[in-house]
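This is input_18.pdb. It holds PDB, C-alpha atoms.
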```
ATOM      1  CA  MET J 743      69.786 150.348 131.935
ATOM      2  CA  THR J 744      68.717 147.741 134.410
ATOM      3  CA  TYR J 745      69.830 144.512 136.016
ATOM      4  CA  CYS J 746      67.692 141.413 136.365
ATOM      5  CA  VAL J 747      68.831 137.957 137.417
ATOM      6  CA  GLY J 748      67.125 134.579 137.611
ATOM      7  CA  LEU J 749      68.511 131.550 139.458
ATOM      8  CA  TYR J 750      67.338 128.121 138.288
ATOM      9  CA  LEU J 751      67.805 125.821 141.280
ATOM     10  CA  ASN J 752      66.625 122.329 142.157
ATOM     11  CA  GLN J 753      64.489 123.795 144.920
ATOM     12  CA  GLY J 754      62.958 126.510 142.740
ATOM     13  CA  LEU J 755      63.524 129.939 141.232
ATOM     14  CA  VAL J 756      64.945 133.166 142.629
ATOM     15  CA  LEU J 757      64.134 136.227 140.490
ATOM     16  CA  LEU J 758      65.424 139.721 141.275
ATOM     17  CA  SER J 759      65.170 143.030 139.402
ATOM     18  CA  ASP J 760      65.950 146.663 140.028
ATOM     19  CA  THR J 761      63.396 149.396 139.285
ATOM     20  CA  ARG J 762      65.380 152.335 137.877
ATOM     21  CA  THR J 763      64.608 153.779 134.464
ATOM     22  CA  ASN J 764      66.861 156.398 132.971
ATOM     23  CA  ALA J 765      65.986 158.788 130.154
ATOM     24  CA  GLY J 766      68.854 161.143 130.976
ATOM     25  CA  VAL J 767      70.590 162.407 134.088
ATOM     26  CA  ASP J 768      67.631 164.646 134.969
ATOM     27  CA  HIS J 769      64.886 162.124 134.229
ATOM     28  CA  ILE J 770      65.216 159.081 136.494
ATOM     29  CA  SER J 771      62.081 157.188 137.496
ATOM     30  CA  THR J 772      61.006 154.041 139.305
ATOM     31  CA  PHE J 773      59.058 151.344 137.446
ATOM     32  CA  SER J 774      58.653 147.696 138.336
ATOM     33  CA  LYS J 775      60.316 145.462 135.752
ATOM     34  CA  MET J 776      58.758 142.305 137.172
ATOM     35  CA  HIS J 777      55.343 141.123 135.947
ATOM     36  CA  VAL J 778      53.635 138.033 137.330
ATOM     37  CA  GLU J 779      50.776 135.936 135.935
ATOM     38  CA  GLU J 780      49.490 133.546 138.559
ATOM     39  CA  VAL J 781      46.598 131.107 138.748
ATOM     40  CA  HIS J 782      46.876 129.851 142.315
ATOM     41  CA  GLY J 783      47.779 126.177 142.416
ATOM     42  CA  GLU J 784      47.731 125.888 138.608
ATOM     43  CA  ARG J 785      50.516 128.114 137.255
ATOM     44  CA  MET J 786      52.997 130.814 138.150
ATOM     45  CA  ILE J 787      54.760 132.682 135.345
ATOM     46  CA  ALA J 788      56.982 135.720 135.928
ATOM     47  CA  MET J 789      58.521 138.035 133.344
ATOM     48  CA  LEU J 790      61.450 140.387 134.054
ATOM     49  CA  SER J 791      62.461 143.033 131.517
ATOM     50  CA  SER J 792      65.402 145.201 130.538
ATOM     51  CA  GLY J 793      65.900 147.746 127.786
ATOM     52  CA  ASN J 794      63.378 150.247 126.460
ATOM     53  CA  LEU J 795      60.548 150.552 129.006
ATOM     54  CA  ALA J 796      57.958 151.459 126.368
ATOM     55  CA  ILE J 797      58.769 148.271 124.453
ATOM     56  CA  SER J 798      58.606 145.963 127.481
ATOM     57  CA  GLN J 799      55.340 147.528 128.674
ATOM     58  CA  GLN J 800      53.831 147.024 125.221
ATOM     59  CA  VAL J 801      54.968 143.400 125.219
ATOM     60  CA  TRP J 802      53.241 142.798 128.566
ATOM     61  CA  SER J 803      50.058 144.592 127.457
ATOM     62  CA  ARG J 804      49.862 142.478 124.305
ATOM     63  CA  LEU J 805      50.340 139.332 126.377
ATOM     64  CA  GLN J 806      47.428 140.408 128.578
ATOM     65  CA  GLU J 807      45.172 140.984 125.579
ATOM     66  CA  GLY J 808      46.254 137.826 123.764
ATOM     67  CA  ILE J 809      48.710 136.915 121.011
ATOM     68  CA  TRP J 810      48.066 134.712 117.984
ATOM     69  CA  LEU J 811      50.316 131.649 117.987
ATOM     70  CA  ASP J 812      49.934 128.881 115.393
ATOM     71  CA  GLY J 813      46.397 129.962 114.570
ATOM     72  CA  GLU J 814      45.183 130.255 118.171
ATOM     73  CA  ARG J 815      44.927 133.281 120.462
ATOM     74  CA  HIS J 816      46.634 132.754 123.820
ATOM     75  CA  THR J 817      47.622 134.598 126.972
ATOM     76  CA  LEU J 818      50.018 133.453 129.682
ATOM     77  CA  ARG J 819      46.963 132.317 131.652
ATOM     78  CA  ASP J 820      46.082 129.586 129.182
ATOM     79  CA  VAL J 821      49.216 128.457 127.314
ATOM     80  CA  PRO J 822      49.659 124.696 127.785
ATOM     81  CA  SER J 823      53.383 124.695 128.644
ATOM     82  CA  MET J 824      56.271 126.936 129.643
ATOM     83  CA  PHE J 825      57.866 126.341 126.244
ATOM     84  CA  ARG J 826      54.712 127.674 124.596
ATOM     85  CA  ALA J 827      54.788 130.591 127.041
ATOM     86  CA  ALA J 828      58.292 131.466 125.830
ATOM     87  CA  GLN J 829      57.112 131.193 122.229
ATOM     88  CA  LEU J 830      54.160 133.458 123.049
ATOM     89  CA  VAL J 831      56.412 136.115 124.581
ATOM     90  CA  GLY J 832      58.686 135.897 121.553
ATOM     91  CA  ALA J 833      55.666 136.410 119.295
ATOM     92  CA  ALA J 834      54.646 139.452 121.363
ATOM     93  CA  VAL J 835      58.155 140.918 121.009
ATOM     94  CA  ARG J 836      58.029 140.449 117.230
ATOM     95  CA  ALA J 837      54.553 142.036 117.069
ATOM     96  CA  VAL J 838      55.820 145.131 118.900
ATOM     97  CA  PHE J 839      58.828 145.275 116.578
ATOM     98  CA  GLU J 840      56.576 145.142 113.515
ATOM     99  CA  ALA J 841      54.446 147.974 114.936
ATOM    100  CA  ASP J 842      57.142 150.253 116.360
ATOM    101  CA  GLY J 843      60.484 149.115 114.969
ATOM    102  CA  PRO J 844      60.424 151.322 111.834
ATOM    103  CA  SER J 845      59.411 154.429 113.833
ATOM    104  CA  LEU J 846      62.140 153.811 116.411
ATOM    105  CA  HIS J 847      64.703 153.359 113.634
ATOM    106  CA  ALA J 848      63.567 156.603 111.978
ATOM    107  CA  GLN J 849      64.167 158.432 115.272
ATOM    108  CA  GLY J 850      67.621 156.911 115.667
ATOM    109  CA  PHE J 851      66.693 154.375 118.362
ATOM    110  CA  GLY J 852      67.366 150.653 118.330
ATOM    111  CA  PHE J 853      64.829 148.009 119.298
ATOM    112  CA  ASP J 854      66.283 147.339 122.741
ATOM    113  CA  VAL J 855      64.580 144.722 124.912
ATOM    114  CA  ALA J 856      65.521 141.503 126.714
ATOM    115  CA  LEU J 857      63.314 139.400 128.957
ATOM    116  CA  LEU J 858      63.555 136.647 131.534
ATOM    117  CA  LEU J 859      60.582 134.300 131.714
ATOM    118  CA  GLY J 860      60.369 131.737 134.496
ATOM    119  CA  GLY J 861      57.758 129.611 136.166
ATOM    120  CA  GLN J 862      55.849 126.361 136.201
ATOM    121  CA  ILE J 863      52.528 124.951 135.051
ATOM    122  CA  MET J 864      51.030 122.196 137.184
ATOM    123  CA  GLY J 865      52.099 118.711 136.087
ATOM    124  CA  GLN J 866      55.113 119.989 134.144
ATOM    125  CA  GLY J 867      58.673 120.935 134.931
ATOM    126  CA  MET J 868      59.837 124.330 136.131
ATOM    127  CA  ARG J 869      61.678 126.324 133.430
ATOM    128  CA  LEU J 870      63.570 129.591 132.976
ATOM    129  CA  PHE J 871      64.155 131.319 129.614
ATOM    130  CA  MET J 872      65.936 134.412 128.318
ATOM    131  CA  ILE J 873      64.162 136.003 125.348
ATOM    132  CA  TYR J 874      66.028 138.286 122.954
ATOM    133  CA  ALA J 875      64.886 141.278 120.903
ATOM    134  CA  ALA J 876      64.415 139.005 117.869
ATOM    135  CA  GLY J 877      61.897 136.911 119.817
ATOM    136  CA  ASN J 878      64.153 133.850 119.990
ATOM    137  CA  PHE J 879      65.252 132.443 123.328
ATOM    138  CA  ILE J 880      67.588 130.224 125.314
ATOM    139  CA  GLU J 881      66.874 128.168 128.429
ATOM    140  CA  ALA J 882      68.659 127.777 131.761
ATOM    141  CA  THR J 883      69.999 124.269 132.418
ATOM    142  CA  SER J 884      71.835 122.418 135.167
ATOM    143  CA  ASP J 885      75.069 123.480 133.427
ATOM    144  CA  THR J 886      73.971 127.125 133.346
ATOM    145  CA  PRO J 887      71.766 127.578 136.429
ATOM    146  CA  PHE J 888      71.328 131.352 136.169
ATOM    147  CA  LEU J 889      70.453 133.911 133.509
ATOM    148  CA  GLN J 890      70.971 137.684 133.523
ATOM    149  CA  ILE J 891      69.754 140.622 131.450
ATOM    150  CA  GLY J 892      70.765 144.269 131.452
ATOM    151  CA  GLU J 893      73.950 145.436 133.164
ATOM    152  CA  HIS J 894      75.102 141.953 134.105
ATOM    153  CA  LYS J 895      78.907 142.098 134.134
ATOM    154  CA  TYR J 896      79.362 143.389 137.693
ATOM    155  CA  GLY J 897      77.085 140.815 139.284
ATOM    156  CA  LYS J 898      78.238 137.799 137.267
ATOM    157  CA  PRO J 899      81.553 136.817 138.955
ATOM    158  CA  ILE J 900      80.026 135.831 142.301
ATOM    159  CA  LEU J 901      77.358 133.761 140.550
ATOM    160  CA  ASP J 902      79.929 132.057 138.321
ATOM    161  CA  ARG J 903      81.945 131.004 141.357
ATOM    162  CA  VAL J 904      79.167 129.828 143.657
ATOM    163  CA  VAL J 905      75.777 129.043 142.078
ATOM    164  CA  THR J 906      74.985 125.395 141.312
ATOM    165  CA  PRO J 907      71.651 123.595 140.908
ATOM    166  CA  GLU J 908      72.088 122.326 144.493
ATOM    167  CA  THR J 909      72.209 125.892 145.891
ATOM    168  CA  THR J 910      69.295 126.309 148.311
ATOM    169  CA  LEU J 911      66.627 128.953 147.838
ATOM    170  CA  ILE J 912      67.835 130.768 150.959
ATOM    171  CA  ASP J 913      71.410 130.871 149.686
ATOM    172  CA  GLY J 914      70.066 131.809 146.256
ATOM    173  CA  VAL J 915      68.405 134.895 147.726
ATOM    174  CA  LYS J 916      71.667 135.879 149.418
ATOM    175  CA  LEU J 917      73.670 135.402 146.225
ATOM    176  CA  ALA J 918      71.167 137.296 144.079
ATOM    177  CA  LEU J 919      71.276 140.223 146.512
ATOM    178  CA  ILE J 920      75.089 140.195 146.584
ATOM    179  CA  SER J 921      75.120 140.130 142.774
ATOM    180  CA  MET J 922      72.703 143.067 142.695
ATOM    181  CA  ASP J 923      74.696 145.010 145.299
ATOM    182  CA  SER J 924      77.862 144.632 143.205
ATOM    183  CA  THR J 925      75.972 146.102 140.255
ATOM    184  CA  LEU J 926      74.443 148.940 142.288
ATOM    185  CA  ARG J 927      77.891 149.977 143.519
ATOM    186  CA  SER J 928      79.420 150.025 140.038
ATOM    187  CA  ASN J 929      76.639 151.420 137.820
ATOM    188  CA  LEU J 930      74.435 154.389 138.690
ATOM    189  CA  THR J 931      71.860 153.466 136.031
ATOM    190  CA  VAL J 932      70.792 150.515 138.194
ATOM    191  CA  GLY J 933      68.912 151.543 141.309
ATOM    192  CA  MET J 934      66.730 150.749 144.279
ATOM    193  CA  PRO J 935      64.164 149.613 145.217
ATOM    194  CA  LEU J 936      64.406 145.942 144.216
ATOM    195  CA  ASP J 937      61.690 143.428 143.387
ATOM    196  CA  LEU J 938      62.269 139.876 144.627
ATOM    197  CA  LEU J 939      60.273 136.752 143.805
ATOM    198  CA  VAL J 940      61.016 133.324 145.282
ATOM    199  CA  TYR J 941      59.251 130.286 143.836
ATOM    200  CA  ARG J 942      59.456 126.812 145.363
ATOM    201  CA  GLU J 943      59.320 124.027 142.765
ATOM    202  CA  GLY J 944      55.931 122.320 142.585
ATOM    203  CA  GLY J 945      54.028 125.102 144.350
ATOM    204  CA  CYS J 946      52.467 126.770 141.273
ATOM    205  CA  CYS J 947      52.258 130.034 143.211
ATOM    206  CA  ALA J 948      54.879 132.495 144.394
ATOM    207  CA  THR J 949      56.409 131.548 147.743
ATOM    208  CA  LEU J 950      57.541 135.135 148.375
ATOM    209  CA  ARG J 951      57.176 138.495 146.653
ATOM    210  CA  LYS J 952      58.959 141.404 148.293
ATOM    211  CA  ARG J 953      59.862 145.018 147.508
ATOM    212  CA  ILE J 954      63.301 145.718 149.009
ATOM    213  CA  THR J 955      64.073 149.354 149.800
ATOM    214  CA  GLU J 956      67.173 151.159 151.034
ATOM    215  CA  ASP J 957      65.810 150.840 154.568
ATOM    216  CA  GLU J 958      65.510 147.020 154.463
ATOM    217  CA  PRO J 959      67.645 145.820 157.443
ATOM    218  CA  TYR J 960      68.585 142.484 155.886
ATOM    219  CA  PHE J 961      69.753 144.039 152.623
ATOM    220  CA  ARG J 962      71.836 146.574 154.554
ATOM    221  CA  SER J 963      73.439 143.714 156.485
ATOM    222  CA  VAL J 964      74.203 141.896 153.221
ATOM    223  CA  ARG J 965      75.827 145.002 151.741
ATOM    224  CA  GLU J 966      77.941 145.697 154.817
ATOM    225  CA  GLY J 967      78.777 142.050 155.480
ATOM    226  CA  TRP J 968      79.867 141.390 151.893
ATOM    227  CA  SER J 969      82.077 144.500 151.827
ATOM    228  CA  ASN J 970      83.684 143.548 155.131
ATOM    229  CA  SER J 971      84.212 139.966 153.994
ATOM    230  CA  LEU J 972      85.929 141.099 150.792
ATOM    231  CA  ARG J 973      88.246 143.393 152.737
ATOM    232  CA  ASP J 974      89.103 140.605 155.191
ATOM    233  CA  ALA J 975      89.674 138.149 152.345
ATOM    234  CA  TYR J 976      92.162 140.280 150.439
ATOM    235  CA  ARG J 977      94.020 141.155 153.641
ATOM    236  CA  ALA J 978      94.334 137.455 154.454
ATOM    237  CA  MET J 979      95.854 136.622 151.047
ATOM    238  CA  PRO J 980      99.601 135.865 151.153
ATOM    239  CA  VAL J 981     101.940 138.641 150.076
ATOM    240  CA  PRO J 982     103.785 137.892 146.795
ATOM    241  CA  ASP J 983     107.452 137.374 147.655
ATOM    242  CA  TRP J 984     108.554 138.854 144.307
ATOM    243  CA  VAL J 985     107.186 142.328 145.072
ATOM    244  CA  PRO J 986     109.786 144.593 146.753
ATOM    245  CA  ASN J 987     108.823 146.223 150.037
TER     246      ASN J 987
END
```

Output the file's structure as structure tokens, nothing else.
Amino acid sequence: MTYCVGLYLNQGLVLLSDTRTNAGVDHISTFSKMHVEEVHGERMIAMLSSGNLAISQQVWSRLQEGIWLDGERHTLRDVPSMFRAAQLVGAAVRAVFEADGPSLHAQGFGFDVALLLGGQIMGQGMRLFMIYAAGNFIEATSDTPFLQIGEHKYGKPILDRVVTPETTLIDGVKLALISMDSTLRSNLTVGMPLDLLVYREGGCCATLRKRITEDEPYFRSVREGWSNSLRDAYRAMPVPDWVPN
């Protein structure tokens, strides 16, 4: 299991993923689930993955080598638009399914993968997509300014209440970290360290890429501050007068 979240804000993108992989209680490893293709000043495309690690790694490897799309071979370094990039990733997912899907099924495993794809190509708009195991996808909009994959239920409530397109990148980082912390506290299959990418709209290169560990002072302050704030908030709520003392 994993948790990845992408915020689609007027100022840019905030992308955050955990790094835990779990093949049983005695086989827990750390792998980055964030892959970035960047041509400085021309394009920045990031892919976050959840599900079967072998599947997502194969998808990324095929994207590096090139995928046939409408009679032409493309990689993320040369697709003409973010929409075509999403189509290309979907085609890579389907290619992996065709190659490995029957073998996985024979071994009793499902074809489990979900991806977030976000970025911008110079001269075009910034976009954020969620790509499913069938290779189809949806896109973040001003009405739905964040997308999640993996173990998303614990980190969703805070985002539902607060995130809007007008949320700043700085506040977006705080909210993404709070959302991740809620998930870390409630599900042991999601784990540190975290990979964070911040992209400012129009830049066509990552504004910030950071590996956040348990020792990161700011993340510790977020965890402690959010817990304290929640405790203070519930204590400040009025007592229901219909509950007997």

Item to check | All residues 12 Å or closer to Ile863 in chain J, only C-alpha atoms, same chain fewer than 3 positions away omitted, as an MDAnalysis selection string | outcome: chainID J and resid 779:788 818:827 860 866:869 943:947

Next on the checklist: For the provided coordinates, the residues matched by the PyMOL selection byres ((chain J and resi 918-922) around 8) should be stated as number ranges by chain.
Outcome noted: J: 745, 747, 749, 756-758, 896-898, 900-901, 914-917, 923-926, 961, 964-965, 968

Next on the checklist: Given the PyMOL selection byres ((chain J and resi 875) around 8) and the file above, list the residues it selects as a list in words.
Outcome noted: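 On this input, the PyMOL selection byres ((chain J and resi 875) around 8) captures Val835, Arg836, Phe853, Asp854, Val855, Ala856, Ile873, Tyr874, Ala876, Gly877 and Asn878 of chain J.
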
Checklist entry - Which one of J:Thr949, J:Ser884, J:Ser971, J:Asn929 sits closest to Asn752 in chain J if you count only C-alpha atoms? => result J:Ser884

Next on the checklist: Just the number, please: distance in Å from CA of Ala882 in chain J to CA of Leu830 in chain J, one decimal.
Outcome noted: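 Atom-to-atom, CA of Ala882 in chain J and CA of Leu830 in chain J are spaced 17.8 Å apart.
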
Checklist entry - How far is it from CA of Ile954 in chain J to CA of Leu936 in chain J, in Å with one decimal? => result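 Value for the CA of Ile954 in chain J-CA of Leu936 in chain J distance: 4.9 Å.
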
Next on the checklist: Please list as a ChimeraX atom specification every residue within 12 Å of Asp885 in chain J, counting only C-alpha atoms and excluding residues in the same chain fewer than 5 positions away.
Outcome noted: /J:750-751,902,905-908

With 4 Å on each side, where is the centre of the axis-aligned box around all listed atoms of range 895-912 of chain J, and how long are its edges in Å to one decimal, as AutoDock Vina command-line options?
```
--center_x 74.3 --center_y 132.9 --center_z 142.5 --size_x 23.3 --size_y 29.1 --size_z 24.8
```

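Of note, CA of Gly832 in chain J and CA of Leu911 in chain J are spaced 28.3 Å apart.
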
Next on the checklist: My list of candidates is J:Glu807, J:Glu893, J:Asp974, J:Asp842. Which is closest to Ser928 in chain J when distances are computed with only C-alpha atoms?
Outcome noted: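 Closest candidate: J:Glu893.
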
Next on the checklist: I'd like the residues picked by the PyMOL selection byres ((chain J and resi 889) around 9) written out as an MDAnalysis selection string, using the chain letters and numbers from the file.
Outcome noted: chainID J and resid 746:750 858 870:872 881:882 886:888 890:891

Checklist entry - Contacts of Arg953 in chain J at 10 Å or less, counting all atoms listed in the file, minus same-chain residues fewer than 4 places along, as a PyMOL selection string? => result chain J and resi 758-761+774+934-939+958

Checklist entry - Need the neighbours of (58.6, 151.0, 134.6): which residues are at most 7 Å away, counting only C-alpha atoms, as a list in words? => result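 Residues with an atom close enough to that point: Thr761, Thr763, Thr772, Phe773, Ser774, Lys775 and Leu795 of chain J.
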
Checklist entry - Nearest to Thr955 in chain J: which of J:Ile880, J:Arg977, J:Gly933, J:Pro986 is it, counting only C-alpha atoms? => result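 For Thr955 in chain J, the nearest of the candidates is J:Gly933.
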